[in-house]
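Novice: My structure is stored as query_29.txt, with compact mmCIF, C-alpha atoms and all ligand atoms.
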```txt
# COMPACT_ATOMS: atom_id res chain seq x y z
CA MET A 1 0.00 0.00 0.00
CA LEU A 2 1.37 3.40 -1.03
CA ILE A 3 0.21 6.94 -0.39
CA LEU A 4 0.74 8.81 -3.65
CA SER A 5 2.01 12.25 -2.77
CA CYS A 6 4.21 13.06 -5.77
CA ALA A 7 2.48 15.65 -7.97
CA SER A 8 3.59 14.10 -11.27
CA LYS A 9 2.39 10.62 -10.23
CA LEU A 10 -0.95 12.07 -9.16
CA ARG A 11 -1.31 13.78 -12.54
CA LEU A 12 -0.44 10.52 -14.27
CA LEU A 13 -3.06 8.73 -12.18
CA GLU A 14 -5.66 11.36 -13.12
CA GLY A 15 -4.99 10.65 -16.82
CA MET A 16 -5.31 6.89 -16.29
CA LEU A 17 -8.57 7.32 -14.38
CA ARG A 18 -9.91 9.60 -17.13
CA ARG A 19 -9.46 6.77 -19.62
CA GLY A 20 -11.56 4.51 -17.35
CA LEU A 21 -14.58 6.84 -17.18
CA PRO A 22 -17.39 6.53 -16.27
CA ASP A 23 -16.59 3.61 -13.90
CA THR A 24 -13.83 5.66 -12.27
CA LEU A 25 -16.02 8.77 -11.79
CA PRO A 26 -16.02 9.36 -8.05
CA VAL A 27 -12.32 8.50 -7.67
CA TYR A 28 -11.47 10.59 -10.73
CA GLY A 29 -13.35 13.61 -9.32
CA ALA A 30 -11.56 13.25 -5.98
CA VAL A 31 -8.13 12.98 -7.63
CA MET A 32 -8.90 16.03 -9.81
CA HIS A 33 -9.54 18.07 -6.67
CA VAL A 34 -6.39 16.69 -5.03
CA ASN A 35 -4.44 17.89 -8.08
CA ARG A 36 -6.04 21.34 -7.95
CA GLY A 37 -5.18 22.59 -4.50
CA ASN A 38 -6.68 19.68 -2.55
CA PRO A 39 -9.38 21.76 -0.80
CA ALA A 40 -10.82 18.70 1.00
CA GLY A 41 -7.45 17.53 2.34
CA GLN A 42 -7.79 14.12 0.69
CA GLU A 43 -5.02 11.61 0.14
CA VAL A 44 -4.72 8.91 -2.50
CA LEU A 45 -3.72 5.31 -1.79
CA VAL A 46 -2.80 2.67 -4.36
CA ASP A 47 -1.91 -1.00 -3.91
CA SER A 48 1.15 -0.61 -6.15
CA TRP A 49 2.64 1.85 -8.62
CA PRO A 50 2.62 2.43 -11.57
CA GLU A 51 0.71 -0.79 -12.28
CA PHE A 52 -2.02 -0.11 -9.73
CA LYS A 53 -4.95 -2.47 -9.32
CA MET A 54 -6.76 -0.53 -6.64
CA VAL A 55 -7.17 3.16 -5.76
CA LEU A 56 -8.67 4.49 -2.55
CA THR A 57 -9.14 8.16 -1.68
CA ARG A 58 -9.67 9.21 1.92
CA PRO A 59 -9.39 12.35 4.04
CA ARG A 60 -6.16 13.02 5.92
CA ARG A 61 -6.34 12.24 9.62
CA GLU A 62 -6.35 15.92 10.61
CA VAL A 63 -9.39 16.53 8.36
CA ALA A 64 -11.47 13.59 9.61
CA TRP A 65 -10.81 14.20 13.29
CA ASP A 66 -14.46 14.01 14.39
CA PRO A 67 -15.27 10.29 14.92
CA SER A 68 -19.00 10.84 14.22
CA ASP A 69 -18.69 12.92 11.02
CA TYR A 70 -19.12 10.31 8.30
CA PHE A 71 -19.82 12.97 5.66
CA THR A 72 -16.35 14.49 5.98
CA ASN A 73 -14.82 11.03 6.50
CA LEU A 74 -15.47 10.29 2.84
CA HIS A 75 -13.68 7.56 0.88
CA THR A 76 -13.93 6.51 -2.77
CA ALA A 77 -12.78 3.26 -4.30
CA PHE A 78 -11.93 1.97 -7.76
CA TYR A 79 -10.29 -1.35 -8.52
CA ARG A 80 -9.16 -3.42 -11.49
CA ASP A 81 -8.64 -6.59 -9.48
CA GLU A 82 -10.94 -7.90 -6.78
CA GLY A 83 -8.12 -9.50 -4.78
CA ALA A 84 -6.22 -6.21 -4.67
CA CYS A 85 -9.39 -4.40 -3.62
CA ARG A 86 -10.07 -6.79 -0.76
CA ALA A 87 -6.44 -6.72 0.36
CA LEU A 88 -6.28 -2.92 0.44
CA LEU A 89 -9.67 -2.36 2.08
CA GLY A 90 -8.92 -5.08 4.60
CA ASN A 91 -5.68 -3.36 5.61
CA SER A 92 -6.41 -1.53 8.87
CA HIS A 93 -3.96 1.21 7.83
CA ALA A 94 -6.15 2.05 4.83
CA ILE A 95 -9.46 2.61 6.62
CA ASP A 96 -9.98 3.44 10.27
CA TRP A 97 -12.84 1.03 10.99
CA ASP A 98 -13.31 2.41 14.50
CA GLN A 99 -14.54 5.73 13.13
CA ALA A 100 -17.81 6.53 11.34
CA PHE A 101 -17.12 6.79 7.62
CA GLN A 102 -18.60 6.39 4.17
CA ILE A 103 -17.28 4.96 0.95
CA GLN A 104 -18.57 5.52 -2.58
CA GLY A 105 -17.97 3.71 -5.84
CA LEU A 106 -19.65 3.24 -9.16
CA GLN A 107 -18.31 0.08 -10.75
CA ASP A 108 -19.96 -3.35 -10.60
CA GLY A 109 -18.83 -5.41 -7.64
CA VAL A 110 -17.61 -2.55 -5.49
CA TYR A 111 -20.63 -2.85 -3.21
CA GLU A 112 -20.22 -6.59 -2.63
CA ASN A 113 -16.51 -6.27 -1.96
CA ILE A 114 -16.88 -3.53 0.63
CA ARG A 115 -19.89 -5.21 2.23
CA ASP A 116 -18.03 -8.50 2.64
CA ILE A 117 -14.94 -6.86 4.14
CA ALA A 118 -17.14 -4.95 6.58
CA ARG A 119 -19.00 -8.14 7.54
CA ALA A 120 -15.74 -9.93 8.16
CA ARG A 121 -15.14 -7.22 10.77
CA GLY A 122 -18.61 -7.71 12.24
CA LEU A 123 -19.97 -4.51 10.69
CA GLU A 124 -23.17 -4.14 8.69
CA MET A 125 -22.86 -0.98 6.62
CA GLU A 126 -25.95 0.94 5.50
CA THR A 127 -26.11 0.99 1.71
CA TYR A 128 -27.69 3.59 -0.57
CA PRO A 129 -28.07 2.64 -4.23
CA TYR A 130 -28.13 5.86 -6.26
CA ARG A 131 -28.72 6.32 -9.95
CA PRO A 132 -25.61 7.84 -11.54
CA LEU A 133 -26.20 10.72 -13.98
CA LEU A 134 -23.63 12.27 -16.29
CA HIS A 135 -23.96 15.19 -18.68
CA PRO A 136 -22.42 14.18 -22.02
CA ASP A 137 -22.21 17.70 -23.46
CA PRO A 138 -22.34 20.50 -20.86
CA PRO A 139 -21.98 23.41 -23.35
CA ALA A 140 -25.18 22.19 -25.05
CA MET A 141 -27.18 22.41 -21.83
CA PRO A 142 -30.22 24.68 -22.16
CA GLN A 143 -29.77 27.84 -20.10
CA TYR A 144 -32.63 29.12 -17.98
CA ARG A 145 -32.55 32.79 -17.06
CA PRO A 146 -33.81 33.66 -13.60
CA GLU A 147 -37.17 35.40 -13.43
CA LYS A 148 -37.26 39.15 -12.94
CA GLY A 149 -36.16 40.17 -9.43
CA LEU A 150 -34.22 36.93 -8.85
CA ARG A 151 -30.48 36.57 -9.39
CA LEU A 152 -27.93 33.77 -9.53
CA ALA A 153 -24.91 33.79 -7.22
CA PRO A 154 -22.52 31.38 -5.52
CA VAL A 155 -23.80 30.14 -2.16
CA SER A 156 -22.29 32.28 0.61
CA PRO A 157 -20.97 30.97 3.96
CA ALA A 158 -23.70 33.17 5.49
CA HIS A 159 -26.27 30.79 3.92
CA ALA A 160 -24.90 27.71 5.66
CA LEU A 161 -27.46 27.91 8.49
CA LEU A 162 -30.38 27.95 6.04
CA LEU A 163 -28.90 24.96 4.21
CA ARG A 164 -28.46 23.09 7.47
CA ASP A 165 -31.96 23.89 8.72
CA THR A 166 -33.59 22.67 5.51
CA TRP A 167 -31.40 19.54 5.22
CA MET A 168 -33.27 16.48 6.45
CA PHE A 169 -30.08 15.36 8.11
CA GLY A 170 -28.94 18.74 9.39
CA GLU A 171 -29.34 18.15 13.10
CA ASN A 172 -25.91 16.72 13.78
CA SER A 173 -23.13 18.42 15.64
CA TRP A 174 -21.05 18.35 12.46
CA SER A 175 -23.58 19.26 9.74
CA LEU A 176 -23.01 23.03 9.84
CA ARG A 177 -19.24 22.60 9.75
CA TYR A 178 -19.53 20.14 6.87
CA LEU A 179 -21.83 22.36 4.78
CA SER A 180 -19.70 25.45 5.51
CA ARG A 181 -16.64 23.60 4.25
CA LEU A 182 -18.38 22.62 1.00
CA ILE A 183 -19.58 26.20 0.49
CA ARG A 184 -16.14 27.68 1.16
CA HIS A 185 -14.07 25.26 -0.88
CA PHE A 186 -16.14 23.95 -3.80
CA PRO A 187 -18.19 25.45 -6.65
CA SER A 188 -21.82 26.18 -5.75
CA ALA A 189 -24.77 28.16 -7.07
CA CYS A 190 -28.02 29.56 -5.74
CA LEU A 191 -30.95 31.69 -6.79
CA LEU A 192 -31.48 34.70 -4.54
CA ASP A 193 -34.81 36.45 -3.98
CA PRO A 194 -34.95 40.29 -4.00
CA GLU A 195 -33.99 40.32 -0.28
CA GLY A 196 -30.89 38.24 -0.98
CA THR A 197 -32.21 35.00 0.55
CA PRO A 198 -31.57 31.77 -1.39
CA ILE A 199 -34.71 30.03 -2.64
CA SER A 200 -32.94 27.28 -4.62
CA TRP A 201 -29.35 25.98 -4.47
CA SER A 202 -26.89 23.27 -5.32
CA LEU A 203 -23.40 22.47 -4.02
CA THR A 204 -20.58 20.22 -5.19
CA ASP A 205 -18.51 17.88 -3.05
CA PRO A 206 -14.90 16.65 -2.75
CA LEU A 207 -15.67 14.14 -5.54
CA ALA A 208 -16.72 17.03 -7.83
CA ALA A 209 -20.29 15.65 -7.89
CA LEU A 210 -23.35 17.88 -7.73
CA THR A 211 -24.97 17.48 -4.33
CA HIS A 212 -27.39 19.10 -1.86
CA GLY A 213 -29.74 20.33 -4.60
CA TYR A 214 -32.74 21.97 -2.94
CA THR A 215 -35.60 24.38 -3.68
CA LEU A 216 -37.64 25.80 -0.80
CA PRO A 217 -41.01 23.96 -0.84
CA GLU A 218 -43.03 27.13 -1.56
CA HIS A 219 -40.92 27.83 -4.66
CA ARG A 220 -40.91 24.33 -6.18
CA GLY A 221 -42.27 23.56 -9.64
CA GLN A 222 -41.11 26.88 -11.15
CA HIS A 223 -37.94 25.46 -12.75
CA HIS A 224 -35.64 27.37 -10.39
CA ALA A 225 -33.42 24.33 -9.99
CA ARG A 226 -32.71 24.38 -13.74
CA ALA A 227 -31.19 27.87 -13.60
CA VAL A 228 -29.12 26.92 -10.53
CA VAL A 229 -27.81 23.68 -12.03
CA GLY A 230 -27.07 25.52 -15.29
CA MET A 231 -24.83 28.04 -13.51
CA LEU A 232 -23.02 25.35 -11.57
CA VAL A 233 -22.48 23.11 -14.58
CA ALA A 234 -20.94 26.01 -16.54
CA GLN A 235 -18.42 26.54 -13.70
CA LEU A 236 -17.52 22.85 -13.44
CA HIS A 237 -17.12 22.48 -17.16
CA ALA A 238 -14.98 25.63 -17.43
CA HIS A 239 -12.57 24.04 -14.93
CA GLY A 240 -12.48 20.72 -16.78
CA PHE A 241 -14.51 18.70 -14.26
CA PRO A 242 -16.92 15.99 -15.39
CA VAL A 243 -20.53 17.00 -14.81
CA TYR A 244 -22.20 14.25 -12.82
CA THR A 245 -24.35 13.48 -9.83
CA ARG A 246 -26.23 10.70 -8.03
CA VAL A 247 -29.94 10.61 -7.24
CA LEU A 248 -32.01 8.13 -5.26
CA PRO A 249 -34.20 6.11 -7.67
CA HIS A 250 -37.49 7.31 -6.17
CA ASN A 251 -36.60 11.02 -6.45
CA GLU A 252 -38.68 11.69 -9.56
CA PRO A 253 -38.60 15.53 -9.43
CA SER A 254 -34.82 15.51 -9.29
CA LEU A 255 -34.37 12.86 -12.00
CA HIS A 256 -36.88 14.73 -14.18
CA THR A 257 -35.13 18.10 -13.75
CA LEU A 258 -31.70 16.65 -14.53
CA GLN A 259 -32.90 14.76 -17.59
CA CYS A 260 -34.61 17.91 -18.90
CA LEU A 261 -31.18 19.55 -18.65
CA GLY A 262 -29.64 16.77 -20.77
CA PHE A 263 -28.14 14.54 -18.06
CA HIS A 264 -28.09 10.85 -18.99
CA ILE A 265 -28.76 8.12 -16.48
CA LEU A 266 -25.75 5.79 -16.60
CA PRO A 267 -26.18 2.03 -16.36
CA GLY A 268 -25.30 0.55 -13.01
CA VAL A 269 -25.56 1.82 -9.49
CA PHE A 270 -23.65 4.52 -7.65
CA HIS A 271 -23.09 2.88 -4.28
CA GLN A 272 -22.75 4.72 -1.03
CA LEU A 273 -21.95 2.57 1.99
CA VAL A 274 -22.02 4.17 5.40
CA ASP A 275 -20.66 3.04 8.72
CA PHE A 276 -22.68 5.23 11.06
CA ASP A 277 -21.60 6.14 14.50
CA SER A 278 -24.20 3.78 15.92
CA GLN A 279 -25.04 6.01 18.89
CA THR A 280 -26.03 9.03 16.83
CA CYS A 281 -27.47 7.97 13.50
CA THR A 282 -30.19 5.61 12.42
CA VAL A 283 -32.07 7.51 9.71
CA SER A 284 -31.59 7.99 5.99
CA ILE A 285 -28.71 10.28 5.31
CA SER A 286 -29.26 12.13 2.09
CA GLN A 287 -31.81 13.85 -0.08
CA ASP A 288 -29.85 13.33 -3.28
C1 LIG B 1 -35.61 18.29 -6.80
C2 LIG B 1 -35.86 19.78 -6.58
C3 LIG B 1 -34.53 20.46 -6.23
C4 LIG B 1 -36.42 20.38 -7.89
O1 LIG B 1 -36.49 21.78 -7.71
P1 LIG B 1 -37.56 22.70 -8.49
O2 LIG B 1 -37.01 24.09 -8.46
O3 LIG B 1 -38.91 22.47 -7.98
O4 LIG B 1 -37.43 22.10 -9.96
P2 LIG B 1 -38.54 22.14 -11.13
O5 LIG B 1 -39.40 23.34 -10.99
O6 LIG B 1 -37.79 21.96 -12.41
O7 LIG B 1 -39.44 20.86 -10.79
C5 LIG B 1 -39.03 19.58 -11.08
C6 LIG B 1 -40.25 18.70 -11.15
O8 LIG B 1 -40.86 18.61 -9.87
C7 LIG B 1 -42.28 18.40 -10.04
N1 LIG B 1 -43.03 19.49 -9.36
C8 LIG B 1 -43.78 20.43 -9.91
N2 LIG B 1 -44.33 21.21 -8.98
C9 LIG B 1 -43.91 20.75 -7.80
C10 LIG B 1 -44.15 21.16 -6.46
N3 LIG B 1 -44.93 22.17 -6.17
N4 LIG B 1 -43.55 20.45 -5.48
C11 LIG B 1 -42.73 19.42 -5.77
N5 LIG B 1 -42.46 19.01 -7.02
C12 LIG B 1 -43.05 19.66 -8.04
C13 LIG B 1 -42.52 18.39 -11.51
O9 LIG B 1 -42.44 17.08 -11.99
C14 LIG B 1 -41.37 19.22 -12.01
O10 LIG B 1 -41.05 19.08 -13.35
P3 LIG B 1 -41.92 19.82 -14.54
O11 LIG B 1 -42.33 21.17 -14.05
O12 LIG B 1 -40.99 19.93 -15.70
O13 LIG B 1 -43.07 18.91 -14.77
C15 LIG B 1 -36.92 20.02 -5.46
O14 LIG B 1 -38.04 19.23 -5.72
C16 LIG B 1 -36.40 19.71 -4.04
O15 LIG B 1 -35.83 20.58 -3.40
N6 LIG B 1 -36.63 18.48 -3.55
C17 LIG B 1 -36.21 18.09 -2.20
C18 LIG B 1 -34.70 17.90 -2.11
C19 LIG B 1 -34.19 16.99 -3.18
O16 LIG B 1 -34.75 15.95 -3.46
N7 LIG B 1 -33.09 17.38 -3.80
C20 LIG B 1 -32.53 16.69 -4.94
C21 LIG B 1 -31.22 16.12 -4.64
S1 LIG B 1 -30.60 15.22 -6.04
```
Please rewrite the model in this file as structure tokens.
Ligand SMILES: CC(C)(COP(=O)(O)OP(=O)(O)OC[C@H]1O[C@@H](n2cnc3c(N)ncnc32)[C@H](O)[C@@H]1OP(=O)(O)O)[C@@H](O)C(=O)NCCC(=O)NCCS
Specialist:
Amino acid sequence: MLILSCASKLRLLEGMLRRGLPDTLPVYGAVMHVNRGNPAGQEVLVDSWPEFKMVLTRPRREVAWDPSDYFTNLHTAFYRDEGACRALLGNSHAIDWDQAFQIQGLQDGVYENIRDIARARGLEMETYPYRPLLHPDPPAMPQYRPEKGLRLAPVSPAHALLLRDTWMFGENSWSLRYLSRLIRHFPSACLLDPEGTPISWSLTDPLAALTHGYTLPEHRGQHHARAVVGMLVAQLHAHGFPVYTRVLPHNEPSLHTLQCLGFHILPGVFHQLVDFDSQTCTVSISQD
């Protein structure tokens, strides 16, 4: 197991992951951010180099210091060889199994591998099967202008409280800190009313995926989310990021909005496995 810290190796890895898209998506997005200032303080592990068979991204210890914050303690996995995947994930130096954490991956088999390794440690991880969506041609996305009196802007750190209070899982000790970090460090967009209050917004995460899309209930059904997503997608595309997200299969309004904007649902499942801090969390964790 190696921690890749050399900038040229990390750039090489980014190129190799790009050639494996879309299976490599979450890992690729994480490595792109690592190579562009590393705002989430992630590190990249491989089983071997340069002929890697397994890549794992995880936050540095000093970033994931809160043992209950499984949103910040975010890992992604991509493998070419099941044996290498199991060996790396089973290595107690790769994942701190005593801490709440989550791991995401898109390729076939990733769910079963992680689940089995967790079970061997006596852990049953919660699993969330998302539909992966990718925009094949961001410049062709239809642009929706905001209605008169409304304006588009990045989400401001001053809006973090509103985002926390409207997030179905915002009642944790860490949720405000987590959202504030996303707002400060990653591209975001919102639609502001004439008083400067957001009525619709979307963030992106350390994997460069769109996340936390939300329109206040009294403003839904007016296509506000389309203008917000349009602004955010333009930013991501301008910086060379893939434009992708994950949505729970029953979230029809969200799937409908994204497909109207030209997103394609990819085959397969975008897996999120979560090891909750069992004392604090028993409910569903995301609105995506
Ligand atoms: C998904 C969501 C962001 C869409 O925002 P929006 O600004 O209402 O988006 P739209 O106006 O384009 O509506 C999308 C679809 O929702 C449905 N819809 C219409 N009116 C609605 C209403 N009053 N309430 C809820 N859904 C409505 C319609 O199917 C609509 O599409 P259509 O107008 O083309 O038929 C919003 O429903 C929301 O905040 N949901 C809760 C959080 C969530 O699920 N986030 C998504 C994470 S991936």
Novice: Return the single residue from A:Leu179, A:Val243, A:Ala158, A:Ile199 that is closest to ligand LIG 1 (chain B), with distances computed using all atoms listed in the file.
Specialist: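 Among the listed residues, the smallest separation from ligand LIG 1 (chain B) belongs to A:Ile199.
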Novice: Taking all atoms listed in the file into account, report as an mmCIF file with C-alpha atoms, in the coordinates of the input which residues have an atom no farther than 10 Å from an atom of ligand LIG 1 (chain B).
Specialist:
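Resulting contents of result_28.cif:
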```
data_model
loop_
_atom_site.group_PDB
_atom_site.id
_atom_site.type_symbol
_atom_site.label_atom_id
_atom_site.label_comp_id
_atom_site.auth_asym_id
_atom_site.auth_seq_id
_atom_site.Cartn_x
_atom_site.Cartn_y
_atom_site.Cartn_z
ATOM 1 C CA TYR A 130 -28.130 5.860 -6.260
ATOM 2 C CA ARG A 131 -28.720 6.320 -9.950
ATOM 3 C CA THR A 166 -33.590 22.670 5.510
ATOM 4 C CA TRP A 167 -31.400 19.540 5.220
ATOM 5 C CA MET A 168 -33.270 16.480 6.450
ATOM 6 C CA LEU A 191 -30.950 31.690 -6.790
ATOM 7 C CA ILE A 199 -34.710 30.030 -2.640
ATOM 8 C CA SER A 200 -32.940 27.280 -4.620
ATOM 9 C CA TRP A 201 -29.350 25.980 -4.470
ATOM 10 C CA SER A 202 -26.890 23.270 -5.320
ATOM 11 C CA LEU A 210 -23.350 17.880 -7.730
ATOM 12 C CA THR A 211 -24.970 17.480 -4.330
ATOM 13 C CA HIS A 212 -27.390 19.100 -1.860
ATOM 14 C CA GLY A 213 -29.740 20.330 -4.600
ATOM 15 C CA TYR A 214 -32.740 21.970 -2.940
ATOM 16 C CA THR A 215 -35.600 24.380 -3.680
ATOM 17 C CA LEU A 216 -37.640 25.800 -0.800
ATOM 18 C CA PRO A 217 -41.010 23.960 -0.840
ATOM 19 C CA GLU A 218 -43.030 27.130 -1.560
ATOM 20 C CA HIS A 219 -40.920 27.830 -4.660
ATOM 21 C CA ARG A 220 -40.910 24.330 -6.180
ATOM 22 C CA GLY A 221 -42.270 23.560 -9.640
ATOM 23 C CA GLN A 222 -41.110 26.880 -11.150
ATOM 24 C CA HIS A 223 -37.940 25.460 -12.750
ATOM 25 C CA HIS A 224 -35.640 27.370 -10.390
ATOM 26 C CA ALA A 225 -33.420 24.330 -9.990
ATOM 27 C CA ARG A 226 -32.710 24.380 -13.740
ATOM 28 C CA ALA A 227 -31.190 27.870 -13.600
ATOM 29 C CA VAL A 228 -29.120 26.920 -10.530
ATOM 30 C CA VAL A 229 -27.810 23.680 -12.030
ATOM 31 C CA THR A 245 -24.350 13.480 -9.830
ATOM 32 C CA ARG A 246 -26.230 10.700 -8.030
ATOM 33 C CA VAL A 247 -29.940 10.610 -7.240
ATOM 34 C CA LEU A 248 -32.010 8.130 -5.260
ATOM 35 C CA PRO A 249 -34.200 6.110 -7.670
ATOM 36 C CA HIS A 250 -37.490 7.310 -6.170
ATOM 37 C CA ASN A 251 -36.600 11.020 -6.450
ATOM 38 C CA GLU A 252 -38.680 11.690 -9.560
ATOM 39 C CA PRO A 253 -38.600 15.530 -9.430
ATOM 40 C CA SER A 254 -34.820 15.510 -9.290
ATOM 41 C CA LEU A 255 -34.370 12.860 -12.000
ATOM 42 C CA HIS A 256 -36.880 14.730 -14.180
ATOM 43 C CA THR A 257 -35.130 18.100 -13.750
ATOM 44 C CA LEU A 258 -31.700 16.650 -14.530
ATOM 45 C CA GLN A 259 -32.900 14.760 -17.590
ATOM 46 C CA CYS A 260 -34.610 17.910 -18.900
ATOM 47 C CA LEU A 261 -31.180 19.550 -18.650
ATOM 48 C CA SER A 286 -29.260 12.130 2.090
ATOM 49 C CA GLN A 287 -31.810 13.850 -0.080
ATOM 50 C CA ASP A 288 -29.850 13.330 -3.280
#
```
Novice: Pick out the residues sitting within 9 Å of Leu45 in chain A, and hand them over as a PDB file with C-alpha atoms, in the frame of the given file; count all atoms listed in the file, and ignore anything fewer than 2 positions along from it in its own chain.
Specialist:
```
ATOM      1  CA  MET A   1       0.000   0.000   0.000  1.00  0.00           C
ATOM      2  CA  LEU A   2       1.370   3.400  -1.030  1.00  0.00           C
ATOM      3  CA  ILE A   3       0.210   6.940  -0.390  1.00  0.00           C
ATOM      4  CA  LEU A   4       0.740   8.810  -3.650  1.00  0.00           C
ATOM      5  CA  GLU A  43      -5.020  11.610   0.140  1.00  0.00           C
ATOM      6  CA  ASP A  47      -1.910  -1.000  -3.910  1.00  0.00           C
ATOM      7  CA  SER A  48       1.150  -0.610  -6.150  1.00  0.00           C
ATOM      8  CA  MET A  54      -6.760  -0.530  -6.640  1.00  0.00           C
ATOM      9  CA  VAL A  55      -7.170   3.160  -5.760  1.00  0.00           C
ATOM     10  CA  LEU A  56      -8.670   4.490  -2.550  1.00  0.00           C
ATOM     11  CA  THR A  57      -9.140   8.160  -1.680  1.00  0.00           C
ATOM     12  CA  ARG A  58      -9.670   9.210   1.920  1.00  0.00           C
ATOM     13  CA  LEU A  88      -6.280  -2.920   0.440  1.00  0.00           C
ATOM     14  CA  ALA A  94      -6.150   2.050   4.830  1.00  0.00           C
TER      15      ALA A  94
END
```
Novice: Which is closer to Asp193 in chain A than all the others in A:Met231, A:Leu106, A:Leu150, A:Asp205, using only C-alpha atoms?
Specialist: A:Leu150
Novice: Mind checking which residues fall within 12 Å of Arg181 in chain A, counting only C-alpha atoms, ignoring those fewer than 2 positions away in the same chain, and posting them as a PyMOL selection string?
Specialist: chain A and resi 39-41+63+71-72+155-158+160+174-179+183-188+203-206
Novice: Rounded to one decimal place, report the CA of Thr76 in chain A-CA of Gly105 in chain A distance in Å.
Specialist: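 Taking CA of Thr76 in chain A and CA of Gly105 in chain A, their separation equals 5.8 Å.
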Novice: For a quick check of understanding, using all atoms listed in the file, which of A:Met16, A:Met32, A:Ala140, A:Val27 has the smallest distance to Phe78 in chain A?
Specialist: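 Between A:Met16, A:Met32, A:Ala140, A:Val27, the residue approaching Phe78 in chain A most closely is A:Val27.
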Novice: List the spatial neighbours of Arg18 in chain A as a ChimeraX atom specification - criterion: any atom at most 12 Å away, only C-alpha atoms, same-chain residues fewer than 4 positions off excluded.
Specialist: /A:11-14,22-32,240-242
Novice: Can you pull out every residue within 8 Å of Gly262 in chain A, counting all atoms listed in the file, but drop anything in the same chain fewer than 6 positions away, and send it as a short mmCIF file (atom, residue, chain, number, x, y, z; two decimals) with C-alpha atoms, in the coordinates of the input?
Specialist:
```
data_model
loop_
_atom_site.label_atom_id
_atom_site.label_comp_id
_atom_site.auth_asym_id
_atom_site.auth_seq_id
_atom_site.Cartn_x
_atom_site.Cartn_y
_atom_site.Cartn_z
CA HIS A 135 -23.96 15.19 -18.68
CA PRO A 136 -22.42 14.18 -22.02
CA ASP A 137 -22.21 17.70 -23.46
CA MET A 141 -27.18 22.41 -21.83
#
```
Novice: Report the distance between CA of Gln102 in chain A and CA of Ile114 in chain A in Å, rounded to one decimal place.
Specialist: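 Between CA of Gln102 in chain A and CA of Ile114 in chain A the gap works out to 10.7 Å.
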Novice: I'd like the interatomic distance between CA of Ile103 in chain A and CA of Ala77 in chain A, to a tenth of an Å.
Specialist: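 If I compute the distance from CA of Ile103 in chain A to CA of Ala77 in chain A, I get 7.1 Å.
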Novice: Which is closer to Asn73 in chain A than all the others in A:Leu133, A:Ser92, A:Asp98, A:Lys53, using all atoms listed in the file?
Specialist: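 Checking each of A:Leu133, A:Ser92, A:Asp98, A:Lys53 against Asn73 in chain A, counting all atoms listed in the file, the winner is A:Asp98.
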Novice: I need every residue sitting at most 8 Å from the point (-25.8, 8.1, -18.0) (coordinates as in the file, all atoms listed in the file considered), written as a CSV table (one decimal) with C-alpha atoms, keeping the file's coordinate frame.
Specialist:
```csv
chain,number,residue,atom,x,y,z
A,132,PRO,CA,-25.6,7.8,-11.5
A,133,LEU,CA,-26.2,10.7,-14.0
A,134,LEU,CA,-23.6,12.3,-16.3
A,135,HIS,CA,-24.0,15.2,-18.7
A,263,PHE,CA,-28.1,14.5,-18.1
A,264,HIS,CA,-28.1,10.8,-19.0
A,265,ILE,CA,-28.8,8.1,-16.5
A,266,LEU,CA,-25.8,5.8,-16.6
A,267,PRO,CA,-26.2,2.0,-16.4
```
Novice: What's around Ala64 in chain A at 10 Å? Count only C-alpha atoms, leave out sequence neighbours fewer than 2 positions away in its own chain, and write the answer as a PyMOL selection string.
Specialist: chain A and resi 41-42+58-62+66-74+99-101
Novice: So, with only C-alpha atoms as the atoms that count, which of A:Leu152, A:Arg19, A:Tyr128, A:Val233 lies closest to Gln104 in chain A?
Specialist: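 Nearest to Gln104 in chain A: A:Tyr128.
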Novice: Of the candidates A:Glu147, A:Tyr244, A:Val110, A:Leu10, which shows the shortest atom-to-atom distance to Asn38 in chain A, using all atoms listed in the file?
Specialist: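 Smallest distance to Asn38 in chain A is found for A:Leu10.
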